[in-house]
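Note: the block below is model36.pdb and it holds PDB, C-alpha atoms.
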```pdb
MODEL        1
ATOM      1  CA  MET A   1       0.000   0.000   0.000
ATOM      2  CA  SER A   2       1.448   3.324  -1.091
ATOM      3  CA  PRO A   3       1.237   6.413   1.158
ATOM      4  CA  SER A   4      -0.701   7.982  -1.721
ATOM      5  CA  PHE A   5      -3.158   5.235  -2.691
ATOM      6  CA  THR A   6      -4.414   1.679  -2.290
ATOM      7  CA  LEU A   7      -4.259  -0.520  -5.390
ATOM      8  CA  ARG A   8      -6.084  -3.833  -5.823
ATOM      9  CA  ARG A   9      -5.412  -5.614  -9.103
ATOM     10  CA  GLY A  10      -8.007  -7.482 -11.082
ATOM     11  CA  GLU A  11      -7.766  -9.200 -14.452
ATOM     12  CA  ALA A  12     -10.860  -7.784 -16.187
ATOM     13  CA  PRO A  13     -10.471  -4.908 -18.703
ATOM     14  CA  LEU A  14     -11.864  -2.356 -16.233
ATOM     15  CA  ILE A  15     -10.250   0.059 -13.781
ATOM     16  CA  VAL A  16     -12.366   1.859 -11.202
ATOM     17  CA  ALA A  17     -10.549   4.884  -9.800
ATOM     18  CA  PHE A  18     -11.395   6.811  -6.629
ATOM     19  CA  PRO A  19      -9.241   9.949  -6.585
ATOM     20  CA  HIS A  20     -11.213  11.770  -3.891
ATOM     21  CA  VAL A  21     -11.929   9.216  -1.152
ATOM     22  CA  GLY A  22      -8.731   9.977   0.789
ATOM     23  CA  THR A  23      -8.904  11.707   4.172
ATOM     24  CA  HIS A  24      -5.257  11.715   5.296
ATOM     25  CA  LEU A  25      -3.907  15.235   5.767
ATOM     26  CA  VAL A  26      -0.301  14.005   6.175
ATOM     27  CA  ASP A  27       2.208  16.713   7.162
ATOM     28  CA  VAL A  28      -0.052  19.472   5.844
ATOM     29  CA  ALA A  29      -2.597  19.102   8.675
ATOM     30  CA  PRO A  30      -1.209  21.911  10.896
ATOM     31  CA  LEU A  31      -1.561  24.434   8.059
ATOM     32  CA  PHE A  32      -5.322  24.069   7.713
ATOM     33  CA  ARG A  33      -7.808  26.234   9.587
ATOM     34  CA  SER A  34      -9.742  23.095  10.487
ATOM     35  CA  GLU A  35      -9.076  19.419   9.885
ATOM     36  CA  TRP A  36     -12.818  18.855   9.546
ATOM     37  CA  LEU A  37     -13.015  21.558   6.877
ATOM     38  CA  ALA A  38     -10.044  20.030   5.052
ATOM     39  CA  ARG A  39     -11.827  16.676   4.890
ATOM     40  CA  ARG A  40     -15.356  17.896   4.219
ATOM     41  CA  ASP A  41     -15.244  17.715   0.398
ATOM     42  CA  ALA A  42     -14.082  14.100   0.233
ATOM     43  CA  ASP A  43     -16.147  11.691  -1.866
ATOM     44  CA  TRP A  44     -17.359  10.031   1.303
ATOM     45  CA  TRP A  45     -17.880   6.247   1.214
ATOM     46  CA  VAL A  46     -18.031   6.070  -2.575
ATOM     47  CA  ASP A  47     -15.443   3.289  -2.597
ATOM     48  CA  ASP A  48     -17.676   1.358  -0.196
ATOM     49  CA  LEU A  49     -20.591   1.886  -2.567
ATOM     50  CA  TYR A  50     -18.591   0.265  -5.382
ATOM     51  CA  ALA A  51     -17.205  -2.572  -3.257
ATOM     52  CA  PHE A  52     -18.804  -5.016  -5.709
ATOM     53  CA  ALA A  53     -16.392  -3.886  -8.462
ATOM     54  CA  ARG A  54     -13.736  -6.317  -7.293
ATOM     55  CA  ASP A  55     -16.208  -9.205  -7.634
ATOM     56  CA  LEU A  56     -16.459  -8.247 -11.307
ATOM     57  CA  GLY A  57     -12.687  -8.584 -11.669
ATOM     58  CA  ALA A  58     -12.039  -4.835 -11.844
ATOM     59  CA  THR A  59      -8.808  -3.227 -10.738
ATOM     60  CA  THR A  60      -9.405  -0.485  -8.167
ATOM     61  CA  ILE A  61      -7.178   2.402  -7.160
ATOM     62  CA  ALA A  62      -8.221   4.627  -4.268
ATOM     63  CA  ALA A  63      -6.551   7.755  -2.955
ATOM     64  CA  ARG A  64      -5.464   7.857   0.678
ATOM     65  CA  VAL A  65      -4.470  11.535   0.762
ATOM     66  CA  SER A  66      -7.154  14.194   1.069
ATOM     67  CA  ARG A  67      -8.023  16.238  -1.997
ATOM     68  CA  SER A  68      -7.381  19.331   0.155
ATOM     69  CA  VAL A  69      -3.693  18.364   0.280
ATOM     70  CA  ILE A  70      -3.528  17.778  -3.472
ATOM     71  CA  ASP A  71      -6.323  16.981  -5.891
ATOM     72  CA  LEU A  72      -5.481  13.873  -7.906
ATOM     73  CA  ASN A  73      -8.129  14.768 -10.496
ATOM     74  CA  ARG A  74      -6.825  18.206 -11.487
ATOM     75  CA  ASP A  75      -4.466  19.185 -14.296
ATOM     76  CA  PRO A  76      -0.976  19.095 -12.743
ATOM     77  CA  SER A  77      -0.033  22.189 -14.752
ATOM     78  CA  GLY A  78      -2.569  24.164 -12.751
ATOM     79  CA  ALA A  79      -4.750  24.926 -15.796
ATOM     80  CA  SER A  80      -8.469  25.074 -15.010
ATOM     81  CA  LEU A  81     -10.615  22.239 -16.339
ATOM     82  CA  TYR A  82     -13.628  24.569 -16.346
ATOM     83  CA  PRO A  83     -12.468  28.020 -17.498
ATOM     84  CA  GLY A  84     -14.797  30.757 -16.360
ATOM     85  CA  GLN A  85     -16.560  28.518 -13.812
ATOM     86  CA  ALA A  86     -15.990  28.151 -10.095
ATOM     87  CA  THR A  87     -13.693  25.258  -9.268
ATOM     88  CA  THR A  88     -10.856  24.309  -6.937
ATOM     89  CA  GLU A  89      -7.144  24.154  -7.705
ATOM     90  CA  LEU A  90      -4.525  21.393  -7.848
ATOM     91  CA  CYS A  91      -3.757  22.259  -4.221
ATOM     92  CA  PRO A  92      -7.103  23.756  -3.192
ATOM     93  CA  THR A  93      -7.120  26.979  -1.211
ATOM     94  CA  THR A  94     -10.882  26.938  -0.559
ATOM     95  CA  THR A  95     -13.644  24.425  -0.001
ATOM     96  CA  PHE A  96     -16.359  23.862  -2.607
ATOM     97  CA  ASP A  97     -18.377  26.516  -0.797
ATOM     98  CA  GLY A  98     -15.553  29.047  -1.044
ATOM     99  CA  ALA A  99     -14.410  28.933   2.583
ATOM    100  CA  PRO A 100     -10.636  29.455   2.965
ATOM    101  CA  LEU A 101      -8.735  26.296   3.932
ATOM    102  CA  TYR A 102      -5.472  27.756   5.230
ATOM    103  CA  LYS A 103      -4.670  29.657   8.407
ATOM    104  CA  ASP A 104      -2.037  31.791   6.766
ATOM    105  CA  ASP A 105      -0.114  31.458   3.506
ATOM    106  CA  ARG A 106      -1.360  29.380   0.594
ATOM    107  CA  PRO A 107       1.002  26.731  -0.805
ATOM    108  CA  ASP A 108       3.679  28.313  -3.000
ATOM    109  CA  PRO A 109       5.039  26.736  -6.223
ATOM    110  CA  ALA A 110       7.781  24.840  -4.374
ATOM    111  CA  GLU A 111       5.265  23.355  -1.942
ATOM    112  CA  ILE A 112       2.897  22.407  -4.754
ATOM    113  CA  ALA A 113       5.789  20.683  -6.553
ATOM    114  CA  ARG A 114       6.657  18.790  -3.348
ATOM    115  CA  ARG A 115       3.095  17.542  -2.924
ATOM    116  CA  ARG A 116       2.901  16.571  -6.569
ATOM    117  CA  ALA A 117       6.091  14.493  -6.324
ATOM    118  CA  LEU A 118       5.005  12.787  -3.112
ATOM    119  CA  TRP A 119       1.352  12.030  -3.801
ATOM    120  CA  PHE A 120       0.067  13.032  -7.257
ATOM    121  CA  ASP A 121       2.781  11.505  -9.435
ATOM    122  CA  PRO A 122       2.850   8.067  -7.726
ATOM    123  CA  TYR A 123      -0.935   7.702  -8.025
ATOM    124  CA  HIS A 124      -0.916   8.494 -11.731
ATOM    125  CA  ALA A 125       2.170   6.403 -12.418
ATOM    126  CA  ALA A 126       0.368   3.422 -10.897
ATOM    127  CA  LEU A 127      -2.820   4.140 -12.834
ATOM    128  CA  ALA A 128      -0.896   4.419 -16.106
ATOM    129  CA  GLN A 129       0.901   1.127 -15.389
ATOM    130  CA  GLU A 130      -2.390  -0.648 -14.724
ATOM    131  CA  ILE A 131      -3.854   0.641 -17.973
ATOM    132  CA  GLU A 132      -0.881  -0.712 -19.895
ATOM    133  CA  ARG A 133      -0.990  -4.051 -18.041
ATOM    134  CA  LEU A 134      -4.641  -4.576 -18.918
ATOM    135  CA  ARG A 135      -4.210  -3.375 -22.499
ATOM    136  CA  LYS A 136      -1.631  -6.099 -23.003
ATOM    137  CA  LEU A 137      -4.108  -8.652 -21.679
ATOM    138  CA  HIS A 138      -7.238  -7.440 -23.457
ATOM    139  CA  GLY A 139      -6.411  -4.834 -26.083
ATOM    140  CA  LYS A 140      -9.199  -2.520 -24.900
ATOM    141  CA  VAL A 141      -9.635  -1.019 -21.416
ATOM    142  CA  VAL A 142     -12.261   1.131 -19.695
ATOM    143  CA  VAL A 143     -11.222   3.572 -16.971
ATOM    144  CA  TYR A 144     -14.225   4.455 -14.811
ATOM    145  CA  ASP A 145     -13.583   7.442 -12.551
ATOM    146  CA  ALA A 146     -15.944   7.267  -9.575
ATOM    147  CA  HIS A 147     -17.048  10.374  -7.673
ATOM    148  CA  SER A 148     -19.795  11.800  -5.510
ATOM    149  CA  ILE A 149     -20.802  15.265  -4.371
ATOM    150  CA  ARG A 150     -23.456  17.034  -2.331
ATOM    151  CA  SER A 151     -26.775  17.453  -4.139
ATOM    152  CA  HIS A 152     -26.856  21.221  -3.614
ATOM    153  CA  MET A 153     -23.729  23.300  -4.153
ATOM    154  CA  PRO A 154     -24.772  26.857  -5.151
ATOM    155  CA  ARG A 155     -21.210  28.007  -5.828
ATOM    156  CA  LEU A 156     -20.723  25.224  -8.385
ATOM    157  CA  PHE A 157     -24.159  24.659  -9.925
ATOM    158  CA  ASP A 158     -27.768  25.814  -9.738
ATOM    159  CA  GLY A 159     -30.531  23.789  -8.149
ATOM    160  CA  GLU A 160     -30.337  20.088  -7.364
ATOM    161  CA  LEU A 161     -27.783  17.923  -9.127
ATOM    162  CA  PRO A 162     -29.135  14.911 -11.050
ATOM    163  CA  GLN A 163     -28.454  11.553  -9.421
ATOM    164  CA  PHE A 164     -26.194  10.400 -12.277
ATOM    165  CA  ASN A 165     -23.747  12.829 -13.917
ATOM    166  CA  VAL A 166     -21.792  11.124 -16.679
ATOM    167  CA  GLY A 167     -18.729  12.876 -18.118
ATOM    168  CA  THR A 168     -16.868  12.190 -21.357
ATOM    169  CA  ASN A 169     -15.573  15.705 -22.122
ATOM    170  CA  LEU A 170     -18.181  16.133 -24.834
ATOM    171  CA  GLY A 171     -17.572  12.704 -26.326
ATOM    172  CA  GLN A 172     -13.796  12.940 -26.568
ATOM    173  CA  THR A 173     -12.766  10.408 -23.922
ATOM    174  CA  CYS A 174     -14.649   7.264 -24.959
ATOM    175  CA  ASP A 175     -16.509   5.599 -27.788
ATOM    176  CA  PRO A 176     -20.128   6.816 -28.048
ATOM    177  CA  ALA A 177     -21.275   3.215 -27.642
ATOM    178  CA  LEU A 178     -19.934   3.180 -24.074
ATOM    179  CA  SER A 179     -21.505   6.458 -23.000
ATOM    180  CA  ALA A 180     -24.800   5.486 -24.678
ATOM    181  CA  ALA A 181     -24.879   2.178 -22.779
ATOM    182  CA  VAL A 182     -24.245   3.936 -19.465
ATOM    183  CA  ILE A 183     -26.824   6.646 -20.105
ATOM    184  CA  ASP A 184     -29.430   4.068 -21.160
ATOM    185  CA  ILE A 185     -29.023   2.308 -17.812
ATOM    186  CA  CYS A 186     -29.248   5.584 -15.883
ATOM    187  CA  ALA A 187     -32.350   6.606 -17.859
ATOM    188  CA  GLY A 188     -33.959   3.249 -17.231
ATOM    189  CA  SER A 189     -33.599   3.769 -13.478
ATOM    190  CA  GLY A 190     -36.100   6.623 -13.558
ATOM    191  CA  LEU A 191     -33.629   8.822 -11.646
ATOM    192  CA  GLY A 192     -32.209  12.122 -12.852
ATOM    193  CA  HIS A 193     -29.263  11.834 -15.221
ATOM    194  CA  VAL A 194     -27.206  13.953 -17.585
ATOM    195  CA  LEU A 195     -24.339  13.424 -20.036
ATOM    196  CA  ASP A 196     -21.610  16.084 -20.061
ATOM    197  CA  GLY A 197     -23.527  18.517 -17.902
ATOM    198  CA  ARG A 198     -21.828  20.518 -15.157
ATOM    199  CA  PHE A 199     -19.276  17.720 -14.707
ATOM    200  CA  ARG A 200     -17.726  16.680 -18.021
ATOM    201  CA  GLY A 201     -14.896  14.645 -16.540
ATOM    202  CA  GLY A 202     -11.823  15.694 -14.623
ATOM    203  CA  TRP A 203      -8.163  15.313 -15.475
ATOM    204  CA  THR A 204      -8.211  11.528 -15.103
ATOM    205  CA  THR A 205     -10.942  11.119 -17.694
ATOM    206  CA  ARG A 206      -9.509  13.707 -20.055
ATOM    207  CA  HIS A 207      -5.885  12.581 -19.751
ATOM    208  CA  TYR A 208      -6.339   8.831 -20.075
ATOM    209  CA  GLY A 209      -9.333   8.687 -22.368
ATOM    210  CA  ARG A 210      -7.851   7.903 -25.803
ATOM    211  CA  PRO A 211     -10.445   5.971 -27.794
ATOM    212  CA  ALA A 212      -8.156   5.726 -30.819
ATOM    213  CA  SER A 213      -5.674   3.864 -28.599
ATOM    214  CA  ASP A 214      -8.376   1.603 -27.100
ATOM    215  CA  VAL A 215      -8.418   3.339 -23.702
ATOM    216  CA  HIS A 216     -11.928   4.589 -22.976
ATOM    217  CA  ALA A 217     -12.454   6.794 -19.918
ATOM    218  CA  ILE A 218     -15.734   7.889 -18.378
ATOM    219  CA  GLN A 219     -16.548   9.745 -15.165
ATOM    220  CA  MET A 220     -19.549   9.148 -12.934
ATOM    221  CA  GLU A 221     -20.389  11.911 -10.466
ATOM    222  CA  LEU A 222     -23.157  10.751  -8.125
ATOM    223  CA  ALA A 223     -25.323  12.978  -5.980
ATOM    224  CA  ILE A 224     -24.655  11.632  -2.502
ATOM    225  CA  ARG A 225     -28.357  11.431  -1.611
ATOM    226  CA  GLY A 226     -28.316   8.089  -3.406
ATOM    227  CA  TYR A 227     -26.429   6.440  -0.555
ATOM    228  CA  MET A 228     -26.316   8.885   2.388
ATOM    229  CA  ASP A 229     -28.924  10.754   4.430
ATOM    230  CA  GLU A 230     -27.824  14.157   3.250
ATOM    231  CA  PRO A 231     -28.265  17.039   5.723
ATOM    232  CA  GLU A 232     -29.505  20.381   4.450
ATOM    233  CA  GLU A 233     -26.530  22.240   5.931
ATOM    234  CA  PRO A 234     -23.403  20.167   6.697
ATOM    235  CA  ASP A 235     -21.600  21.018   9.929
ATOM    236  CA  GLU A 236     -19.314  19.247  12.368
ATOM    237  CA  THR A 237     -22.265  17.608  14.122
ATOM    238  CA  ASN A 238     -23.774  15.936  11.048
ATOM    239  CA  TRP A 239     -21.010  15.575   8.444
ATOM    240  CA  PRO A 240     -20.141  13.165   7.087
ATOM    241  CA  PRO A 241     -23.331  11.165   7.525
ATOM    242  CA  PRO A 242     -22.813   7.399   7.706
ATOM    243  CA  PHE A 243     -23.163   5.182   4.678
ATOM    244  CA  SER A 244     -26.851   4.296   4.308
ATOM    245  CA  ALA A 245     -27.306   0.669   3.313
ATOM    246  CA  THR A 246     -31.016   1.353   2.847
ATOM    247  CA  ARG A 247     -30.444   4.099   0.292
ATOM    248  CA  ALA A 248     -27.593   2.231  -1.376
ATOM    249  CA  ALA A 249     -29.792  -0.844  -1.856
ATOM    250  CA  ALA A 250     -31.683   1.000  -4.589
ATOM    251  CA  LEU A 251     -28.577   2.508  -6.196
ATOM    252  CA  THR A 252     -26.204  -0.463  -6.146
ATOM    253  CA  PRO A 253     -27.986  -2.637  -8.755
ATOM    254  CA  ILE A 254     -27.966   0.287 -11.187
ATOM    255  CA  LEU A 255     -24.243   0.837 -10.688
ATOM    256  CA  GLN A 256     -23.626  -2.888 -11.056
ATOM    257  CA  ASP A 257     -25.365  -2.759 -14.425
ATOM    258  CA  VAL A 258     -23.264   0.270 -15.389
ATOM    259  CA  LEU A 259     -19.993  -1.515 -14.658
ATOM    260  CA  LYS A 260     -21.207  -4.681 -16.368
ATOM    261  CA  ALA A 261     -22.009  -2.584 -19.435
ATOM    262  CA  ALA A 262     -18.515  -1.097 -19.322
ATOM    263  CA  LEU A 263     -17.042  -4.607 -19.183
ATOM    264  CA  ALA A 264     -19.246  -5.813 -22.036
ATOM    265  CA  PHE A 265     -18.084  -2.859 -24.138
ATOM    266  CA  ALA A 266     -14.408  -3.526 -23.307
ATOM    267  CA  ARG A 267     -14.788  -7.153 -24.358
ATOM    268  CA  THR A 268     -16.271  -6.434 -27.777
TER     269      THR A 268
ENDMDL
END
```

Would you mind writing the structure in this file as structure tokens?
Amino acid sequence: MSPSFTLRRGEAPLIVAFPHVGTHLVDVAPLFRSEWLARRDADWWVDDLYAFARDLGATTIAARVSRSVIDLNRDPSGASLYPGQATTELCPTTTFDGAPLYKDDRPDPAEIARRRALWFDPYHAALAQEIERLRKLHGKVVVYDAHSIRSHMPRLFDGELPQFNVGTNLGQTCDPALSAAVIDICAGSGLGHVLDGRFRGGWTTRHYGRPASDVHAIQMELAIRGYMDEPEEPDETNWPPPFSATRAAALTPILQDVLKAALAFART
């Protein structure tokens, strides 16, 4: 187990990545205004939600370091993935709601480079190696980037987020047959869904998705109400809520069908 991530290898042509489930603040913890605030925007329990992925033979890679230390799904150059829209940086200086994370100085370029070398680069080196390993076995691979977020986030989007938010960077990161299969399953659930809406895929999806080279990447951003009892206003007394097996019981079969569709596509 790396300090940056946990990797579990499977033999199927599918990788499920969890870049935002980490909560470790490592040596950066004393710099934050609040450790709770620095952990608040994690994709809470989403790796537990997809625990069935290993039974399908998928490889999983899950971050251990908090996204507030360094965001493993941002462009390492610092370029914004959503120009003109509110977002957070490679080393975030605010929460999703815009609250400042640091007591004093923000991380300078040398500190950002240090964090990248320690935690960002090893995660992506391992992910790239797994893609190549599975391409040699199967020829075609699907990278499924798994995320979740609060249903209401006024700074980032208006209104309530659909349950399923599928991102392919406007069709650039995977074959249309894959995104169509995923969207058909989401639509059949009767729950809200959108393709390339507010979340079109982060750096993982955009960087690794190369359909011409038989690497197809797709992001799934879930509204957390699907598997957690989401409070109206998160605070230190109610956040994070525990994983809700009752809520997840309705969502899990849909996600199982999504990953099975990704595997069926990879095997064609």

Could you name the residues that touch A:Arg133 at 12 Å or less, counting all atoms listed in the file, but leaving out those on the same chain fewer than 2 positions away, as number ranges by chain?
A: 9-15, 59, 126-131, 135-141, 215

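Computed from the coordinates, the atom CA of A:Pro30 to atom CA of A:Pro122 distance equals 23.6 Å.
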
Expected answer as number ranges by chain: all residues with atoms within 12 Å of (-21.1, 6.7, -2.7), all atoms listed in the file
A: 18, 20-21, 42-51, 146-150, 163-164, 220-230, 240-245, 247-249, 251-252, 255

I need the chosen residues saved as a short mmCIF file (atom, residue, chain, number, x, y, z; two decimals), in the frame of the given file, with C-alpha atoms.
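Just written: again.cif:
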```cif
data_model
loop_
_atom_site.label_atom_id
_atom_site.label_comp_id
_atom_site.auth_asym_id
_atom_site.auth_seq_id
_atom_site.Cartn_x
_atom_site.Cartn_y
_atom_site.Cartn_z
CA PHE A 18 -11.40 6.81 -6.63
CA HIS A 20 -11.21 11.77 -3.89
CA VAL A 21 -11.93 9.22 -1.15
CA ALA A 42 -14.08 14.10 0.23
CA ASP A 43 -16.15 11.69 -1.87
CA TRP A 44 -17.36 10.03 1.30
CA TRP A 45 -17.88 6.25 1.21
CA VAL A 46 -18.03 6.07 -2.58
CA ASP A 47 -15.44 3.29 -2.60
CA ASP A 48 -17.68 1.36 -0.20
CA LEU A 49 -20.59 1.89 -2.57
CA TYR A 50 -18.59 0.26 -5.38
CA ALA A 51 -17.20 -2.57 -3.26
CA ALA A 146 -15.94 7.27 -9.57
CA HIS A 147 -17.05 10.37 -7.67
CA SER A 148 -19.80 11.80 -5.51
CA ILE A 149 -20.80 15.26 -4.37
CA ARG A 150 -23.46 17.03 -2.33
CA GLN A 163 -28.45 11.55 -9.42
CA PHE A 164 -26.19 10.40 -12.28
CA MET A 220 -19.55 9.15 -12.93
CA GLU A 221 -20.39 11.91 -10.47
CA LEU A 222 -23.16 10.75 -8.12
CA ALA A 223 -25.32 12.98 -5.98
CA ILE A 224 -24.66 11.63 -2.50
CA ARG A 225 -28.36 11.43 -1.61
CA GLY A 226 -28.32 8.09 -3.41
CA TYR A 227 -26.43 6.44 -0.56
CA MET A 228 -26.32 8.88 2.39
CA ASP A 229 -28.92 10.75 4.43
CA GLU A 230 -27.82 14.16 3.25
CA PRO A 240 -20.14 13.16 7.09
CA PRO A 241 -23.33 11.16 7.52
CA PRO A 242 -22.81 7.40 7.71
CA PHE A 243 -23.16 5.18 4.68
CA SER A 244 -26.85 4.30 4.31
CA ALA A 245 -27.31 0.67 3.31
CA ARG A 247 -30.44 4.10 0.29
CA ALA A 248 -27.59 2.23 -1.38
CA ALA A 249 -29.79 -0.84 -1.86
CA LEU A 251 -28.58 2.51 -6.20
CA THR A 252 -26.20 -0.46 -6.15
CA LEU A 255 -24.24 0.84 -10.69
#
```

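Considering the residues A:Thr6, A:Thr23, A:Thr246, A:Ser77 and counting all atoms listed in the file, A:Ala113 has its shortest atom-to-atom contact with A:Ser77.
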
Interatomic distance, atom CA of A:Ala38 to atom CA of A:Leu25 (Å, one decimal)
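Going from atom CA of A:Ala38 over to atom CA of A:Leu25, I get 7.8 Å.
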
When the PyMOL selection byres ((chain A and resi 64) around 10) is applied to the file above, which residues end up in the set, as a VMD selection string?
chain A and resid 1 to 6 18 to 26 61 to 63 65 to 67 119 123

Nearest residue to A:Gly78 from the set A:Ile112, A:Ala17, A:Ala53, A:Val143 (distances using only C-alpha atoms):
A:Ile112

Exactly which residues make up the result of the PyMOL selection byres ((chain A and resi 156) around 12) on this file, given as a list of chain:residue names?
A:Tyr82, A:Gly84, A:Gln85, A:Ala86, A:Thr87, A:Thr88, A:Thr95, A:Phe96, A:Asp97, A:Gly98, A:Ile149, A:Arg150, A:Ser151, A:His152, A:Met153, A:Pro154, A:Arg155, A:Phe157, A:Asp158, A:Gly159, A:Glu160, A:Leu161, A:Gly197, A:Arg198, A:Phe199

For A:Gly171, find every residue with an atom within 9 Å (counting only C-alpha atoms), except residues of its own chain fewer than 5 positions away, and show them as a ChimeraX atom specification.
/A:176,179,196

To one decimal place in Å, what is the distance between atom CA of A:Asp214 and atom CA of A:Arg74?
22.8 Å

Starting from the displayed file, determine the output of the PyMOL selection byres ((chain A and resi 101) around 10) and express the residue list as a PyMOL selection string.
chain A and resi 31-35+37-38+68+92-95+98-100+102-104+106

How would you write as a ChimeraX atom specification the residues that get within 9 Å of (1.0, 17.4, -6.8) in the file's frame, counting all atoms listed in the file?
/A:69-72,76,90-91,111-121

Between A:Gly167, A:Gly192, A:Pro162, A:Pro234, single out the one closest to A:Ala217, counting all atoms listed in the file.
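Nearest candidate to A:Ala217 out of A:Gly167, A:Gly192, A:Pro162, A:Pro234: A:Gly167.
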
Extending 4 Å beyond the listed atoms of stretch 69-82 of chain A on each side, what axis-aligned box results? I want centre and edge lengths in Å to one decimal, as lines of an AutoDock Vina configuration file.
```
center_x = -6.8
center_y = 19.5
center_z = -8.0
size_x = 21.6
size_y = 19.2
size_z = 24.6
```

Which is closest to A:Ile185 among A:Glu132, A:Asp257, A:Glu233, A:Asp145, if we use only C-alpha atoms?
A:Asp257

Which residue of A:Ile218, A:Ala261, A:Val16, A:Leu195 approaches A:Cys174 most closely, using all atoms listed in the file
A:Ile218
